[in-house]
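One structure is given here, and the rest of the page talks about it.
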Amino acid sequence: MTQNLSDLTHALIDAARSAGADAADAVAISDDSLSIEVLKGALEHAERSEGTEIGLRVMIGQKQASVSGSDTRPEMIATLAARAVAMARIAPDDPWCGLADADMLSDVRDAGTLDLIDDSQPDPQELERWALEVEAAALQVSGVMQTQASGAGWSRRQMHLAATNGFSGGYGRTGWSVSSVAISGEGLGMERDYYADSRTHSDELISPAEIGRLAGERAVMRSGASKPPTGRYPVLYDERISSGLIGHLVQASNGASIARGSSWLNDALGKQVLPDGIDLIEDPHRARAAGSRPFDGEGLRTRRRALVEDGRLTGWTLDLSTARQLGMTSTANAARGTGGAPSPAVGNLTLTQGDRTREDMLADMGTGLLITSLIGSSINPTTGDYSRGASGFWVENGQIVRPVNECTVAGNLRDMLMSIVPGNDARPHLSRVVPSLLVEGLTIAGA
């Protein structure tokens, strides 16, 4: 399949040149997946899908245009290239577009050292057995009345990127997952929660029995939820959702937001954005991690870098276009699909952990809110004003006393991030390794 994708990208490049493009890059992506869902001890849904998508970006002078499709016949490749060139001729000038210079390109053209492919072949019967086992384990938890969904899945994605600057490379990754959503209570008192595990290699998955048990226990703990009191309290973001809080910092330091002048971090380069001693590291070369990649969407070699070092923001996340706009150098963070030009994005992230368990942090907060789920979002990208719906547990005297829901937490991201206290419970296999985070003084709107 890899060779086939390589052939497709080079066919697109050749067609673009024949149609009159000055420069071009092309990407071909193949997806293969299998998913199994069960309900009440029986097969509910099984799906197998396979497909290939292609994308082409062409440049004529300082104009560019992109096209994509799923028809890979030679005549359609020629048609796509002709359309892209015709579109580029009438496109407005983009002074920042362009491919990487040849001396900037990665000499690593595959992901062999990253171990992203599990060669095990998916067995539908085995996946069904996992799904049945995870559902049964959830139902065995006292207080669980039913499950909403239990399933197991496998996927494999391959990609190849080629360009007229001489770059040609590709790699793939696999994914295995098991999950369950359990429901406790009855009628208007029903509550649900979940647990899931996802890995690049099946031999690292948590057992289905453990996943089902955790899903069931989480659902039972939410039984009888009510609104928390209104006021200003400390808030502990549980590890399962804490990466979202750090994600707001990552988004605000994205070069596209900075170039538009629409980020609350516009003036923060080199300044403190997290407490002293805390680093935020991107490492695209972690073996078996879902966010790893040997080169970016423009063929530049990826590298480990600190987004934040000792609490100070060290730089923006940049692709070639945003780097040119800002007079900087790309950080090799271009992400590329088939539908358009590259844009900057981060992959694997690790936040410095603390030395305290979640229980220690609950004791530290005294009275406040432990958030395990967030819904909705109202984030002002230019001011950092933050407001989100939340549910979780109310804490008094350092102990969880009851489940809560239907509340809103609000604050300002700049102040929130400066007050975080990280725990030590981050799961190291995740793409974003972020522990539970204690945040001081958020406004809670509840009862």
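Every chain in the structure tokens takes a letter, A first, then B, and so on in the order presented; its residues are numbered from 1, and the ligands are numbered from 1 following the presented order.
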
Residues at most 10 Å from Thr174 (chain A), counting only C-alpha atoms, excluding those fewer than 2 positions away in the same chain, as a PDB file with N, CA and C atoms, in the first residue's frame?
```pdb
ATOM      1  N   ASP A  31      -7.021   4.752   4.642  1.00  0.00           N
ATOM      2  CA  ASP A  31      -7.568   4.398   5.946  1.00  0.00           C
ATOM      3  C   ASP A  31      -8.248   3.046   5.855  1.00  0.00           C
ATOM      4  N   ASP A  32      -8.001   2.220   6.852  1.00  0.00           N
ATOM      5  CA  ASP A  32      -8.630   0.913   6.962  1.00  0.00           C
ATOM      6  C   ASP A  32      -9.038   0.745   8.415  1.00  0.00           C
ATOM      7  N   SER A  33     -10.291   0.425   8.685  1.00  0.00           N
ATOM      8  CA  SER A  33     -10.738   0.319  10.072  1.00  0.00           C
ATOM      9  C   SER A  33     -11.787  -0.777  10.222  1.00  0.00           C
ATOM     10  N   ASP A 115       8.156   2.837  15.766  1.00  0.00           N
ATOM     11  CA  ASP A 115       7.354   1.657  16.120  1.00  0.00           C
ATOM     12  C   ASP A 115       5.868   2.005  16.230  1.00  0.00           C
ATOM     13  N   LEU A 116       5.332   2.586  15.173  1.00  0.00           N
ATOM     14  CA  LEU A 116       3.938   3.013  15.174  1.00  0.00           C
ATOM     15  C   LEU A 116       2.984   1.980  14.580  1.00  0.00           C
ATOM     16  N   ILE A 117       3.538   0.900  14.013  1.00  0.00           N
ATOM     17  CA  ILE A 117       2.718  -0.106  13.341  1.00  0.00           C
ATOM     18  C   ILE A 117       2.723  -1.414  14.126  1.00  0.00           C
ATOM     19  N   ASP A 118       1.531  -1.892  14.456  1.00  0.00           N
ATOM     20  CA  ASP A 118       1.345  -3.222  15.021  1.00  0.00           C
ATOM     21  C   ASP A 118       0.949  -4.140  13.871  1.00  0.00           C
ATOM     22  N   ASP A 119       1.788  -5.109  13.576  1.00  0.00           N
ATOM     23  CA  ASP A 119       1.535  -5.978  12.437  1.00  0.00           C
ATOM     24  C   ASP A 119       0.459  -7.032  12.693  1.00  0.00           C
ATOM     25  N   SER A 120      -0.052  -7.096  13.921  1.00  0.00           N
ATOM     26  CA  SER A 120      -1.135  -8.041  14.205  1.00  0.00           C
ATOM     27  C   SER A 120      -2.347  -7.713  13.348  1.00  0.00           C
ATOM     28  N   TRP A 154     -10.182  -1.382  15.618  1.00  0.00           N
ATOM     29  CA  TRP A 154      -8.814  -1.369  15.067  1.00  0.00           C
ATOM     30  C   TRP A 154      -8.798  -0.424  13.872  1.00  0.00           C
ATOM     31  N   SER A 155      -7.674   0.251  13.666  1.00  0.00           N
ATOM     32  CA  SER A 155      -7.531   1.107  12.487  1.00  0.00           C
ATOM     33  C   SER A 155      -6.081   1.098  12.034  1.00  0.00           C
ATOM     34  N   ARG A 156      -5.907   1.373  10.766  1.00  0.00           N
ATOM     35  CA  ARG A 156      -4.556   1.526  10.205  1.00  0.00           C
ATOM     36  C   ARG A 156      -4.609   2.653   9.184  1.00  0.00           C
ATOM     37  N   ARG A 157      -3.717   3.625   9.343  1.00  0.00           N
ATOM     38  CA  ARG A 157      -3.635   4.762   8.424  1.00  0.00           C
ATOM     39  C   ARG A 157      -2.235   4.823   7.842  1.00  0.00           C
ATOM     40  N   GLN A 158      -2.169   4.995   6.544  1.00  0.00           N
ATOM     41  CA  GLN A 158      -0.899   5.177   5.841  1.00  0.00           C
ATOM     42  C   GLN A 158      -0.955   6.515   5.091  1.00  0.00           C
ATOM     43  N   GLY A 172       3.062   5.096   8.466  1.00  0.00           N
ATOM     44  CA  GLY A 172       1.729   4.678   8.889  1.00  0.00           C
ATOM     45  C   GLY A 172       1.663   4.521  10.390  1.00  0.00           C
ATOM     46  N   TRP A 176      -5.623   0.579  18.290  1.00  0.00           N
ATOM     47  CA  TRP A 176      -6.514  -0.418  18.877  1.00  0.00           C
ATOM     48  C   TRP A 176      -7.245   0.239  20.039  1.00  0.00           C
ATOM     49  N   ARG A 199      -4.447   2.335  22.102  1.00  0.00           N
ATOM     50  CA  ARG A 199      -3.003   2.172  21.945  1.00  0.00           C
ATOM     51  C   ARG A 199      -2.658   1.918  20.483  1.00  0.00           C
ATOM     52  N   THR A 200      -1.395   2.128  20.141  1.00  0.00           N
ATOM     53  CA  THR A 200      -0.948   1.791  18.791  1.00  0.00           C
ATOM     54  C   THR A 200      -0.726   0.285  18.655  1.00  0.00           C
ATOM     55  N   HIS A 201      -0.446  -0.413  19.768  1.00  0.00           N
ATOM     56  CA  HIS A 201      -0.187  -1.843  19.758  1.00  0.00           C
ATOM     57  C   HIS A 201      -1.159  -2.546  20.703  1.00  0.00           C
ATOM     58  N   SER A 202      -1.751  -3.622  20.236  1.00  0.00           N
ATOM     59  CA  SER A 202      -2.790  -4.300  21.009  1.00  0.00           C
ATOM     60  C   SER A 202      -2.262  -4.916  22.296  1.00  0.00           C
ATOM     61  N   ARG A 288       5.742   4.493  19.785  1.00  0.00           N
ATOM     62  CA  ARG A 288       4.396   3.972  20.015  1.00  0.00           C
ATOM     63  C   ARG A 288       3.402   5.024  20.506  1.00  0.00           C
ATOM     64  N   ALA A 290       0.679   8.069  19.817  1.00  0.00           N
ATOM     65  CA  ALA A 290      -0.246   8.366  18.720  1.00  0.00           C
ATOM     66  C   ALA A 290       0.100   9.661  17.990  1.00  0.00           C
TER      67      ALA A 290
END
```

Problem set entry | Residues near Tyr233 (chain A), cut-off 12 Å, only C-alpha atoms, skip fewer than 3 positions along chain, as a PyMOL selection string | chain A and resi 228-230+236+365-370+394-396+409-411+438-446

For this session: Could you give me, as a PyMOL selection string, each residue of region 21-267 of chain A that DSSP assigns to strand (DSSP E or B) when run on this structure's backbone?
Result: chain A and resi 23-39+42-60+63-69+105+144-163+168-184+191-199+226+231-237+254

Problem set entry | Counting only C-alpha atoms, the option among A:Ala131, A:Leu80, A:Ala16, A:Ala426 closest to Asp238 (chain A) | A:Ala426

Problem set entry | helix (DSSP H, G or I) call set, DSSP backbone run, region 310-342 of chain A, as a list in words |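 The helix (DSSP H, G or I) subset of region 310-342 of chain A is Leu320, Ser321, Thr322, Ala323, Arg324, Gln325 and Leu326 of chain A.
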
Given the selection you just returned, output its residues as a file containing N, CA, C and O atoms, formatted as a PDB file, in the first residue's frame.
```pdb
ATOM      1  N   LEU A 320       5.572  26.778   7.627  1.00  0.00           N
ATOM      2  CA  LEU A 320       6.339  27.699   6.790  1.00  0.00           C
ATOM      3  C   LEU A 320       5.619  29.022   6.567  1.00  0.00           C
ATOM      4  O   LEU A 320       6.227  30.098   6.633  1.00  0.00           O
ATOM      5  N   SER A 321       4.314  28.964   6.310  1.00  0.00           N
ATOM      6  CA  SER A 321       3.579  30.180   6.007  1.00  0.00           C
ATOM      7  C   SER A 321       3.547  31.133   7.193  1.00  0.00           C
ATOM      8  O   SER A 321       3.851  32.325   7.059  1.00  0.00           O
ATOM      9  N   THR A 322       3.183  30.634   8.374  1.00  0.00           N
ATOM     10  CA  THR A 322       3.113  31.525   9.533  1.00  0.00           C
ATOM     11  C   THR A 322       4.502  31.994   9.947  1.00  0.00           C
ATOM     12  O   THR A 322       4.661  33.128  10.423  1.00  0.00           O
ATOM     13  N   ALA A 323       5.517  31.148   9.759  1.00  0.00           N
ATOM     14  CA  ALA A 323       6.884  31.584  10.068  1.00  0.00           C
ATOM     15  C   ALA A 323       7.296  32.753   9.184  1.00  0.00           C
ATOM     16  O   ALA A 323       7.906  33.722   9.644  1.00  0.00           O
ATOM     17  N   ARG A 324       6.953  32.685   7.897  1.00  0.00           N
ATOM     18  CA  ARG A 324       7.287  33.788   6.994  1.00  0.00           C
ATOM     19  C   ARG A 324       6.542  35.057   7.379  1.00  0.00           C
ATOM     20  O   ARG A 324       7.108  36.161   7.333  1.00  0.00           O
ATOM     21  N   GLN A 325       5.290  34.918   7.764  1.00  0.00           N
ATOM     22  CA  GLN A 325       4.523  36.096   8.170  1.00  0.00           C
ATOM     23  C   GLN A 325       5.138  36.775   9.385  1.00  0.00           C
ATOM     24  O   GLN A 325       5.123  38.004   9.495  1.00  0.00           O
ATOM     25  N   LEU A 326       5.663  35.977  10.299  1.00  0.00           N
ATOM     26  CA  LEU A 326       6.177  36.503  11.564  1.00  0.00           C
ATOM     27  C   LEU A 326       7.682  36.747  11.540  1.00  0.00           C
ATOM     28  O   LEU A 326       8.261  37.153  12.544  1.00  0.00           O
TER      29      LEU A 326
END
```

Exercise. Do you know which residues are at most 12 Å from Gly247 (chain A) counting only C-alpha atoms, after dropping those on the same chain fewer than 2 positions away, and could you put them as a PyMOL selection string?
Worked result: chain A and resi 241-245+249-254+280+307+345-351+379+413+417+432-434

Take the residues just selected and output them with N, CA, C and O atoms as a tab-separated table (two decimals), in the first residue's frame.
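So the final result, stored in part.tsv, reads:
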```tsv
chain	number	residue	atom	x	y	z
A	241	ILE	N	-9.41	15.05	31.84
A	241	ILE	CA	-9.80	16.24	31.06
A	241	ILE	C	-8.81	17.39	31.21
A	241	ILE	O	-8.98	18.44	30.60
A	242	SER	N	-7.75	17.21	32.00
A	242	SER	CA	-6.83	18.32	32.27
A	242	SER	C	-6.07	18.78	31.03
A	242	SER	O	-5.67	19.94	30.94
A	243	SER	N	-5.84	17.86	30.07
A	243	SER	CA	-5.10	18.26	28.87
A	243	SER	C	-5.85	19.32	28.08
A	243	SER	O	-5.24	20.09	27.33
A	244	GLY	N	-7.18	19.38	28.23
A	244	GLY	CA	-7.95	20.41	27.55
A	244	GLY	C	-7.59	21.80	28.03
A	244	GLY	O	-7.58	22.76	27.24
A	245	LEU	N	-7.29	21.93	29.32
A	245	LEU	CA	-6.89	23.23	29.86
A	245	LEU	C	-5.55	23.67	29.26
A	245	LEU	O	-5.39	24.82	28.84
A	249	LEU	N	-3.78	26.88	26.08
A	249	LEU	CA	-2.49	27.55	25.97
A	249	LEU	C	-1.83	27.23	24.63
A	249	LEU	O	-1.28	28.11	23.96
A	250	VAL	N	-1.91	25.96	24.23
A	250	VAL	CA	-1.32	25.53	22.96
A	250	VAL	C	-1.97	26.26	21.79
A	250	VAL	O	-1.30	26.72	20.86
A	251	GLN	N	-3.30	26.35	21.82
A	251	GLN	CA	-4.01	27.03	20.74
A	251	GLN	C	-3.66	28.51	20.68
A	251	GLN	O	-3.49	29.08	19.59
A	252	ALA	N	-3.54	29.13	21.83
A	252	ALA	CA	-3.22	30.56	21.86
A	252	ALA	C	-1.81	30.86	21.37
A	252	ALA	O	-1.52	31.98	20.92
A	253	SER	N	-0.91	29.87	21.44
A	253	SER	CA	0.46	30.07	20.96
A	253	SER	C	0.65	29.53	19.55
A	253	SER	O	1.79	29.45	19.06
A	254	ASN	N	-0.44	29.18	18.88
A	254	ASN	CA	-0.37	28.72	17.50
A	254	ASN	C	-0.06	29.90	16.58
A	254	ASN	O	-0.65	30.97	16.70
A	280	LEU	N	6.57	22.63	29.30
A	280	LEU	CA	5.63	21.97	28.39
A	280	LEU	C	6.44	21.58	27.16
A	280	LEU	O	6.89	22.44	26.41
A	307	LEU	N	7.80	24.20	24.40
A	307	LEU	CA	6.89	25.32	24.18
A	307	LEU	C	6.97	26.29	25.35
A	307	LEU	O	6.91	27.51	25.17
A	345	ALA	N	0.21	22.78	13.89
A	345	ALA	CA	-0.44	21.99	14.93
A	345	ALA	C	0.63	21.22	15.70
A	345	ALA	O	1.68	20.90	15.16
A	346	VAL	N	0.33	20.91	16.95
A	346	VAL	CA	1.27	20.15	17.79
A	346	VAL	C	0.80	18.71	17.91
A	346	VAL	O	-0.37	18.40	17.69
A	347	GLY	N	1.72	17.84	18.28
A	347	GLY	CA	1.41	16.43	18.49
A	347	GLY	C	1.56	16.06	19.95
A	347	GLY	O	0.80	16.50	20.80
A	348	ASN	N	2.56	15.22	20.25
A	348	ASN	CA	2.77	14.77	21.62
A	348	ASN	C	3.20	15.92	22.52
A	348	ASN	O	4.09	16.70	22.17
A	349	LEU	N	2.59	16.00	23.69
A	349	LEU	CA	2.95	17.02	24.67
A	349	LEU	C	3.11	16.38	26.05
A	349	LEU	O	2.37	15.46	26.41
A	350	THR	N	4.05	16.89	26.82
A	350	THR	CA	4.24	16.44	28.19
A	350	THR	C	4.41	17.65	29.09
A	350	THR	O	5.27	18.51	28.85
A	351	LEU	N	3.57	17.74	30.13
A	351	LEU	CA	3.67	18.81	31.13
A	351	LEU	C	4.40	18.27	32.35
A	351	LEU	O	4.17	17.13	32.78
A	379	ILE	N	-14.83	30.52	25.05
A	379	ILE	CA	-13.48	31.04	25.26
A	379	ILE	C	-13.29	32.25	24.35
A	379	ILE	O	-13.45	32.14	23.14
A	413	LEU	N	-7.95	32.65	31.44
A	413	LEU	CA	-6.92	31.65	31.22
A	413	LEU	C	-5.54	32.09	31.66
A	413	LEU	O	-4.75	31.30	32.18
A	417	LEU	N	-3.83	29.64	34.37
A	417	LEU	CA	-2.63	28.87	34.07
A	417	LEU	C	-1.46	29.26	34.97
A	417	LEU	O	-0.60	28.44	35.27
A	432	ARG	N	-0.90	13.27	24.91
A	432	ARG	CA	-0.77	14.46	25.77
A	432	ARG	C	-0.70	14.00	27.21
A	432	ARG	O	-1.70	13.58	27.80
A	433	VAL	N	0.49	14.05	27.77
A	433	VAL	CA	0.76	13.55	29.12
A	433	VAL	C	0.63	14.73	30.08
A	433	VAL	O	1.58	15.48	30.31
A	434	VAL	N	-0.57	14.88	30.63
A	434	VAL	CA	-0.88	16.00	31.51
A	434	VAL	C	-1.55	15.45	32.77
A	434	VAL	O	-2.56	14.76	32.67
```

Exercise. Taking only C-alpha atoms into account, which of A:Ser373, A:Gln125, A:Thr382, A:Ser66 comes nearest Ala21 (chain A)?
Worked result: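 With only C-alpha atoms as the atom set, the closest residue is A:Ser66.
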
Neighbour list for Met190 (chain A) as an mmCIF file with N, CA and C atoms, in the first residue's frame, cut-off 10 Å, only C-alpha atoms, skip fewer than 6 positions in-chain:
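Once everything was written out, this is out.cif:
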```
data_model
loop_
_atom_site.group_PDB
_atom_site.id
_atom_site.type_symbol
_atom_site.label_atom_id
_atom_site.label_comp_id
_atom_site.auth_asym_id
_atom_site.auth_seq_id
_atom_site.Cartn_x
_atom_site.Cartn_y
_atom_site.Cartn_z
ATOM 1 N N VAL A 144 -24.987 -0.491 38.376
ATOM 2 C CA VAL A 144 -25.074 -0.275 36.932
ATOM 3 C C VAL A 144 -26.327 -0.972 36.415
ATOM 4 N N MET A 145 -27.202 -0.221 35.772
ATOM 5 C CA MET A 145 -28.464 -0.763 35.284
ATOM 6 C C MET A 145 -28.360 -1.268 33.850
ATOM 7 N N ILE A 183 -24.401 3.019 32.514
ATOM 8 C CA ILE A 183 -25.493 3.860 33.018
ATOM 9 C C ILE A 183 -25.940 3.344 34.376
ATOM 10 N N SER A 184 -26.028 4.246 35.330
ATOM 11 C CA SER A 184 -26.544 3.913 36.653
ATOM 12 C C SER A 184 -27.865 4.646 36.879
ATOM 13 N N ALA A 219 -19.782 5.401 36.587
ATOM 14 C CA ALA A 219 -21.207 5.708 36.429
ATOM 15 C C ALA A 219 -21.921 5.676 37.772
ATOM 16 N N VAL A 220 -21.600 4.697 38.609
ATOM 17 C CA VAL A 220 -22.248 4.587 39.915
ATOM 18 C C VAL A 220 -21.892 5.771 40.805
ATOM 19 N N ARG A 222 -21.532 8.715 40.002
ATOM 20 C CA ARG A 222 -22.261 9.918 39.583
ATOM 21 C C ARG A 222 -23.728 9.896 39.996
ATOM 22 N N SER A 223 -24.204 8.795 40.539
ATOM 23 C CA SER A 223 -25.622 8.675 40.911
ATOM 24 C C SER A 223 -26.016 9.750 41.920
ATOM 25 N N GLY A 224 -27.179 10.329 41.690
ATOM 26 C CA GLY A 224 -27.698 11.339 42.610
ATOM 27 C C GLY A 224 -27.049 12.696 42.495
ATOM 28 N N ALA A 225 -26.513 13.028 41.333
ATOM 29 C CA ALA A 225 -25.822 14.310 41.159
ATOM 30 C C ALA A 225 -26.776 15.493 41.306
#
```

Problem set entry | Selection near Leu161 (chain A), 12 Å with only C-alpha atoms, sequence-local residues under 3 positions removed, as an MDAnalysis selection string | chainID A and resid 2:3 5:13 24:29 54:57 109:110 158 164:172 295:300 335:338 342

For this session: Between CA of Gly376 (chain A) and CA of Arg358 (chain A), measure the distance and give it in Å to one decimal.
Result: 25.1 Å

Exercise. Quick one: of A:Ser378, A:Ser207, A:Asn405, A:Ser226, who's nearest to Ser177 (chain A), counting only C-alpha atoms?
Worked result: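 Smallest separation from Ser177 (chain A) among the options: A:Ser207.
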
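Using only C-alpha atoms, the nearest neighbour of Met416 (chain A) within the list A:Glu75, A:Glu191, A:Glu239, A:Asp385 is A:Asp385.
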